[in-house]
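Note: the block below is work-v6.cif and it holds mmCIF, C-alpha atoms.
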data_query
loop_
_atom_site.group_PDB
_atom_site.id
_atom_site.type_symbol
_atom_site.label_atom_id
_atom_site.label_comp_id
_atom_site.auth_asym_id
_atom_site.auth_seq_id
_atom_site.Cartn_x
_atom_site.Cartn_y
_atom_site.Cartn_z
ATOM 1 C CA GLY A 1 0.000 0.000 0.000
ATOM 2 C CA ASP A 2 2.679 2.525 0.958
ATOM 3 C CA GLN A 3 4.487 1.944 -2.337
ATOM 4 C CA TYR A 4 1.408 3.103 -4.239
ATOM 5 C CA GLY A 5 1.535 6.375 -2.349
ATOM 6 C CA ARG A 6 5.203 6.833 -3.259
ATOM 7 C CA VAL A 7 4.472 6.076 -6.929
ATOM 8 C CA PHE A 8 1.589 8.556 -7.115
ATOM 9 C CA LEU A 9 3.601 11.309 -5.407
ATOM 10 C CA SER A 10 6.612 10.629 -7.607
ATOM 11 C CA LEU A 11 4.446 10.876 -10.715
ATOM 12 C CA LEU A 12 2.972 14.179 -9.598
ATOM 13 C CA ARG A 13 6.437 15.591 -8.976
ATOM 14 C CA SER A 14 7.778 14.566 -12.376
ATOM 15 C CA ILE A 15 4.858 15.005 -14.801
ATOM 16 C CA SER A 16 3.932 18.322 -16.356
ATOM 17 C CA LYS A 17 1.340 17.426 -19.022
ATOM 18 C CA ASP A 18 -2.116 18.550 -17.912
ATOM 19 C CA ASP A 19 -3.995 15.458 -19.066
ATOM 20 C CA ILE A 20 -1.673 13.049 -17.256
ATOM 21 C CA VAL A 21 -1.678 15.140 -14.068
ATOM 22 C CA GLN A 22 -5.487 15.186 -14.229
ATOM 23 C CA TYR A 23 -5.582 11.404 -14.633
ATOM 24 C CA VAL A 24 -3.286 10.786 -11.653
ATOM 25 C CA LEU A 25 -5.223 13.258 -9.506
ATOM 26 C CA THR A 26 -8.499 11.572 -10.472
ATOM 27 C CA LEU A 27 -7.095 8.180 -9.477
ATOM 28 C CA ILE A 28 -5.972 9.506 -6.095
ATOM 29 C CA ASP A 29 -9.269 11.308 -5.530
ATOM 30 C CA ASP A 30 -11.239 8.158 -6.399
ATOM 31 C CA ILE A 31 -9.131 6.036 -4.053
ATOM 32 C CA LEU A 32 -9.607 8.457 -1.162
ATOM 33 C CA ALA A 33 -13.346 8.776 -1.851
ATOM 34 C CA ALA A 34 -13.773 4.992 -1.809
ATOM 35 C CA ALA A 35 -11.467 4.354 1.162
ATOM 36 C CA PRO A 36 -10.649 7.463 3.229
ATOM 37 C CA ASN A 37 -8.297 5.400 5.410
ATOM 38 C CA LYS A 38 -5.931 5.124 2.417
ATOM 39 C CA VAL A 39 -4.498 8.557 3.257
ATOM 40 C CA SER A 40 -2.038 6.615 5.387
ATOM 41 C CA MET A 41 -0.252 5.371 2.259
ATOM 42 C CA PHE A 42 0.568 8.997 1.433
ATOM 43 C CA PHE A 43 1.496 10.069 4.962
ATOM 44 C CA SER A 44 3.942 7.167 5.270
ATOM 45 C CA CYS A 45 6.093 8.902 2.628
ATOM 46 C CA ALA A 46 6.822 11.699 5.121
ATOM 47 C CA ARG A 47 9.334 9.407 6.843
ATOM 48 C CA GLN A 48 11.629 9.797 3.825
ATOM 49 C CA ASP A 49 10.731 13.374 2.866
ATOM 50 C CA PRO A 50 9.061 15.731 5.358
ATOM 51 C CA THR A 51 7.528 17.815 2.535
ATOM 52 C CA LEU A 52 5.345 14.863 1.591
ATOM 53 C CA PRO A 53 2.504 14.282 1.033
ATOM 54 C CA PHE A 54 1.517 17.971 0.792
ATOM 55 C CA ALA A 55 4.161 19.575 -1.464
ATOM 56 C CA PRO A 56 3.168 18.045 -4.843
ATOM 57 C CA PHE A 57 -0.478 19.016 -4.324
ATOM 58 C CA VAL A 58 0.324 22.549 -3.149
ATOM 59 C CA LYS A 59 2.460 23.016 -6.263
ATOM 60 C CA ILE A 60 -0.487 21.935 -8.432
ATOM 61 C CA LEU A 61 -2.535 24.775 -6.927
ATOM 62 C CA GLU A 62 -0.272 27.150 -8.889
ATOM 63 C CA ARG A 63 -1.223 25.620 -12.259
ATOM 64 C CA ASP A 64 -3.537 27.329 -14.739
ATOM 65 C CA ASP A 65 -5.628 24.178 -15.095
ATOM 66 C CA TRP A 66 -8.791 24.579 -12.981
ATOM 67 C CA TYR A 67 -9.558 20.830 -12.904
ATOM 68 C CA SER A 68 -6.145 19.984 -11.455
ATOM 69 C CA ARG A 69 -6.412 22.767 -8.885
ATOM 70 C CA ALA A 70 -9.876 21.580 -7.794
ATOM 71 C CA ALA A 71 -8.751 17.940 -7.548
ATOM 72 C CA ALA A 72 -5.617 18.902 -5.601
ATOM 73 C CA MET A 73 -7.760 20.925 -3.193
ATOM 74 C CA ARG A 74 -10.121 17.968 -2.635
ATOM 75 C CA ILE A 75 -7.147 15.702 -1.906
ATOM 76 C CA LEU A 76 -5.540 18.238 0.441
ATOM 77 C CA THR A 77 -8.888 18.545 2.210
ATOM 78 C CA ALA A 78 -9.002 14.759 2.642
ATOM 79 C CA PHE A 79 -5.473 14.892 4.093
ATOM 80 C CA ALA A 80 -6.428 17.687 6.472
ATOM 81 C CA ALA A 81 -9.612 15.888 7.541
ATOM 82 C CA SER A 82 -7.606 12.751 8.230
ATOM 83 C CA THR A 83 -5.032 14.678 10.255
ATOM 84 C CA GLN A 84 -7.800 16.378 12.211
ATOM 85 C CA SER A 85 -9.591 13.090 12.974
ATOM 86 C CA ASP A 86 -6.287 11.528 14.088
ATOM 87 C CA ALA A 87 -5.684 14.455 16.446
ATOM 88 C CA VAL A 88 -9.167 14.092 17.979
ATOM 89 C CA ALA A 89 -8.976 10.319 18.416
#
Would you mind writing the structure in this file as structure tokens?
Amino acid sequence: GDQYGRVFLSLLRSISKDDIVQYVLTLIDDILAAAPNKVSMFFSCARQDPTLPFAPFVKILERDDWYSRAAAMRILTAFAASTQSDAVA
């Protein structure tokens, strides 16, 4: 599971074509919508790089593509909601 998170984050860091970024973001968004507990596979990457999992998504917010920005915001919101629920529990 954690390796999938690393692959997705690596793709987002290295890809610049809008359609491919949109596809990867849609996959991540669909995964998190179906299984919100899967955020852990992205947070586990922070052990190797403290900027993860947030940095690739924050960078996407600077793009001109509205779809990518909206998808990145949904994913960041899922991350924040997960962090908040972990802090409350």
Check your understanding: the PyMOL selection byres ((chain A and resi 78) around 10) on the file shown: which residues, as a list of chain:residue names?
Key ->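 The output of the PyMOL selection byres ((chain A and resi 78) around 10) on this file is A:Asp29, A:Leu32, A:Ala33, A:Pro36, A:Asn37, A:Val39, A:Ala72, A:Met73, A:Arg74, A:Ile75, A:Leu76, A:Thr77, A:Phe79, A:Ala80, A:Ala81, A:Ser82, A:Thr83, A:Gln84.
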Need the shell around Val58 in chain A: protein/DNA/RNA residues with any atom at most 12 Å away, counting only C-alpha atoms. Skip same-chain ones fewer than 2 positions apart. Format as a CSV table (one decimal) with C-alpha atoms, in the coordinates of the input?
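New file part.csv:
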chain,number,residue,atom,x,y,z
A,9,LEU,CA,3.6,11.3,-5.4
A,12,LEU,CA,3.0,14.2,-9.6
A,13,ARG,CA,6.4,15.6,-9.0
A,51,THR,CA,7.5,17.8,2.5
A,52,LEU,CA,5.3,14.9,1.6
A,53,PRO,CA,2.5,14.3,1.0
A,54,PHE,CA,1.5,18.0,0.8
A,55,ALA,CA,4.2,19.6,-1.5
A,56,PRO,CA,3.2,18.0,-4.8
A,60,ILE,CA,-0.5,21.9,-8.4
A,61,LEU,CA,-2.5,24.8,-6.9
A,62,GLU,CA,-0.3,27.2,-8.9
A,63,ARG,CA,-1.2,25.6,-12.3
A,68,SER,CA,-6.1,20.0,-11.5
A,69,ARG,CA,-6.4,22.8,-8.9
A,70,ALA,CA,-9.9,21.6,-7.8
A,71,ALA,CA,-8.8,17.9,-7.5
A,72,ALA,CA,-5.6,18.9,-5.6
A,73,MET,CA,-7.8,20.9,-3.2
A,74,ARG,CA,-10.1,18.0,-2.6
A,75,ILE,CA,-7.1,15.7,-1.9
A,76,LEU,CA,-5.5,18.2,0.4
A,77,THR,CA,-8.9,18.5,2.2
| message | Report, in Å to a single decimal, how far apart CA of Gln22 in chain A and CA of Ser10 in chain A are. | response |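 So the two atoms, CA of Ser10 in chain A and CA of Gln22 in chain A, lie 14.5 Å apart.
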Grab the CA of Leu25 in chain A to CA of Pro50 in chain A distance for me, in Å with one decimal place.
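Computed distance, CA of Leu25 in chain A to CA of Pro50 in chain A, equals 20.8 Å.
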Requested in this report: Would you work out the distance separating CA of Asp18 in chain A from CA of Arg47 in chain A, expressed in Å to one decimal?
Outcome: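 Here the two named atoms are 28.8 Å from each other.
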Would you mind putting all heavy atoms back on range 20-31 of chain A and writing the result as a PDB file, in the frame of the given file?
ATOM      1  N   ILE A  20      -2.211  14.124 -18.091  1.00  0.00           N
ATOM      2  CA  ILE A  20      -1.673  13.049 -17.256  1.00  0.00           C
ATOM      3  C   ILE A  20      -1.792  13.420 -15.771  1.00  0.00           C
ATOM      4  O   ILE A  20      -2.151  12.585 -14.943  1.00  0.00           O
ATOM      5  CB  ILE A  20      -0.220  12.711 -17.644  1.00  0.00           C
ATOM      6  CG1 ILE A  20      -0.186  12.215 -19.094  1.00  0.00           C
ATOM      7  CG2 ILE A  20       0.364  11.660 -16.707  1.00  0.00           C
ATOM      8  CD1 ILE A  20       1.193  12.002 -19.655  1.00  0.00           C
ATOM      9  N   VAL A  21      -1.516  14.670 -15.450  1.00  0.00           N
ATOM     10  CA  VAL A  21      -1.678  15.140 -14.068  1.00  0.00           C
ATOM     11  C   VAL A  21      -3.136  14.970 -13.648  1.00  0.00           C
ATOM     12  O   VAL A  21      -3.426  14.476 -12.553  1.00  0.00           O
ATOM     13  CB  VAL A  21      -1.223  16.612 -13.919  1.00  0.00           C
ATOM     14  CG1 VAL A  21      -1.627  17.180 -12.570  1.00  0.00           C
ATOM     15  CG2 VAL A  21       0.284  16.721 -14.115  1.00  0.00           C
ATOM     16  N   GLN A  22      -4.060  15.339 -14.521  1.00  0.00           N
ATOM     17  CA  GLN A  22      -5.487  15.186 -14.229  1.00  0.00           C
ATOM     18  C   GLN A  22      -5.849  13.727 -13.983  1.00  0.00           C
ATOM     19  O   GLN A  22      -6.609  13.418 -13.060  1.00  0.00           O
ATOM     20  CB  GLN A  22      -6.336  15.733 -15.381  1.00  0.00           C
ATOM     21  CG  GLN A  22      -6.280  17.229 -15.511  1.00  0.00           C
ATOM     22  CD  GLN A  22      -7.003  17.719 -16.753  1.00  0.00           C
ATOM     23  OE1 GLN A  22      -7.543  16.944 -17.540  1.00  0.00           O
ATOM     24  NE2 GLN A  22      -7.004  19.031 -16.940  1.00  0.00           N
ATOM     25  N   TYR A  23      -5.297  12.832 -14.789  1.00  0.00           N
ATOM     26  CA  TYR A  23      -5.582  11.404 -14.633  1.00  0.00           C
ATOM     27  C   TYR A  23      -5.091  10.887 -13.282  1.00  0.00           C
ATOM     28  O   TYR A  23      -5.816  10.200 -12.561  1.00  0.00           O
ATOM     29  CB  TYR A  23      -4.950  10.617 -15.783  1.00  0.00           C
ATOM     30  CG  TYR A  23      -5.223   9.142 -15.718  1.00  0.00           C
ATOM     31  CD1 TYR A  23      -6.478   8.633 -16.029  1.00  0.00           C
ATOM     32  CD2 TYR A  23      -4.223   8.252 -15.340  1.00  0.00           C
ATOM     33  CE1 TYR A  23      -6.736   7.278 -15.965  1.00  0.00           C
ATOM     34  CE2 TYR A  23      -4.477   6.894 -15.270  1.00  0.00           C
ATOM     35  CZ  TYR A  23      -5.736   6.414 -15.584  1.00  0.00           C
ATOM     36  OH  TYR A  23      -5.993   5.066 -15.517  1.00  0.00           O
ATOM     37  N   VAL A  24      -3.859  11.234 -12.926  1.00  0.00           N
ATOM     38  CA  VAL A  24      -3.286  10.786 -11.653  1.00  0.00           C
ATOM     39  C   VAL A  24      -4.084  11.367 -10.481  1.00  0.00           C
ATOM     40  O   VAL A  24      -4.395  10.655  -9.514  1.00  0.00           O
ATOM     41  CB  VAL A  24      -1.787  11.153 -11.559  1.00  0.00           C
ATOM     42  CG1 VAL A  24      -1.238  10.863 -10.177  1.00  0.00           C
ATOM     43  CG2 VAL A  24      -0.993  10.405 -12.618  1.00  0.00           C
ATOM     44  N   LEU A  25      -4.430  12.639 -10.568  1.00  0.00           N
ATOM     45  CA  LEU A  25      -5.223  13.258  -9.506  1.00  0.00           C
ATOM     46  C   LEU A  25      -6.594  12.589  -9.380  1.00  0.00           C
ATOM     47  O   LEU A  25      -7.087  12.382  -8.263  1.00  0.00           O
ATOM     48  CB  LEU A  25      -5.401  14.748  -9.771  1.00  0.00           C
ATOM     49  CG  LEU A  25      -4.161  15.614  -9.587  1.00  0.00           C
ATOM     50  CD1 LEU A  25      -4.397  17.017 -10.123  1.00  0.00           C
ATOM     51  CD2 LEU A  25      -3.736  15.659  -8.134  1.00  0.00           C
ATOM     52  N   THR A  26      -7.199  12.247 -10.497  1.00  0.00           N
ATOM     53  CA  THR A  26      -8.499  11.572 -10.472  1.00  0.00           C
ATOM     54  C   THR A  26      -8.383  10.207  -9.814  1.00  0.00           C
ATOM     55  O   THR A  26      -9.246   9.819  -9.010  1.00  0.00           O
ATOM     56  CB  THR A  26      -9.068  11.447 -11.895  1.00  0.00           C
ATOM     57  OG1 THR A  26      -9.216  12.759 -12.447  1.00  0.00           O
ATOM     58  CG2 THR A  26     -10.409  10.745 -11.898  1.00  0.00           C
ATOM     59  N   LEU A  27      -7.315   9.485 -10.123  1.00  0.00           N
ATOM     60  CA  LEU A  27      -7.095   8.180  -9.477  1.00  0.00           C
ATOM     61  C   LEU A  27      -6.976   8.337  -7.961  1.00  0.00           C
ATOM     62  O   LEU A  27      -7.613   7.599  -7.198  1.00  0.00           O
ATOM     63  CB  LEU A  27      -5.835   7.509 -10.026  1.00  0.00           C
ATOM     64  CG  LEU A  27      -5.914   6.908 -11.420  1.00  0.00           C
ATOM     65  CD1 LEU A  27      -4.534   6.422 -11.852  1.00  0.00           C
ATOM     66  CD2 LEU A  27      -6.906   5.759 -11.445  1.00  0.00           C
ATOM     67  N   ILE A  28      -6.160   9.287  -7.532  1.00  0.00           N
ATOM     68  CA  ILE A  28      -5.972   9.506  -6.095  1.00  0.00           C
ATOM     69  C   ILE A  28      -7.286   9.919  -5.439  1.00  0.00           C
ATOM     70  O   ILE A  28      -7.657   9.393  -4.382  1.00  0.00           O
ATOM     71  CB  ILE A  28      -4.875  10.562  -5.845  1.00  0.00           C
ATOM     72  CG1 ILE A  28      -3.524  10.058  -6.330  1.00  0.00           C
ATOM     73  CG2 ILE A  28      -4.808  10.934  -4.361  1.00  0.00           C
ATOM     74  CD1 ILE A  28      -2.438  11.116  -6.375  1.00  0.00           C
ATOM     75  N   ASP A  29      -7.995  10.834  -6.069  1.00  0.00           N
ATOM     76  CA  ASP A  29      -9.269  11.308  -5.530  1.00  0.00           C
ATOM     77  C   ASP A  29     -10.272  10.165  -5.421  1.00  0.00           C
ATOM     78  O   ASP A  29     -10.974  10.041  -4.405  1.00  0.00           O
ATOM     79  CB  ASP A  29      -9.813  12.428  -6.428  1.00  0.00           C
ATOM     80  CG  ASP A  29     -10.926  13.215  -5.783  1.00  0.00           C
ATOM     81  OD1 ASP A  29     -10.950  13.344  -4.541  1.00  0.00           O
ATOM     82  OD2 ASP A  29     -11.788  13.717  -6.530  1.00  0.00           O
ATOM     83  N   ASP A  30     -10.330   9.315  -6.430  1.00  0.00           N
ATOM     84  CA  ASP A  30     -11.239   8.158  -6.399  1.00  0.00           C
ATOM     85  C   ASP A  30     -10.871   7.179  -5.290  1.00  0.00           C
ATOM     86  O   ASP A  30     -11.745   6.652  -4.600  1.00  0.00           O
ATOM     87  CB  ASP A  30     -11.246   7.428  -7.748  1.00  0.00           C
ATOM     88  CG  ASP A  30     -11.971   8.201  -8.843  1.00  0.00           C
ATOM     89  OD1 ASP A  30     -12.643   9.216  -8.529  1.00  0.00           O
ATOM     90  OD2 ASP A  30     -11.853   7.791 -10.015  1.00  0.00           O
ATOM     91  N   ILE A  31      -9.590   6.943  -5.113  1.00  0.00           N
ATOM     92  CA  ILE A  31      -9.131   6.036  -4.053  1.00  0.00           C
ATOM     93  C   ILE A  31      -9.534   6.579  -2.688  1.00  0.00           C
ATOM     94  O   ILE A  31     -10.074   5.850  -1.847  1.00  0.00           O
ATOM     95  CB  ILE A  31      -7.599   5.829  -4.121  1.00  0.00           C
ATOM     96  CG1 ILE A  31      -7.239   4.992  -5.347  1.00  0.00           C
ATOM     97  CG2 ILE A  31      -7.069   5.185  -2.836  1.00  0.00           C
ATOM     98  CD1 ILE A  31      -5.753   4.975  -5.656  1.00  0.00           C
TER      99      ILE A  31
END
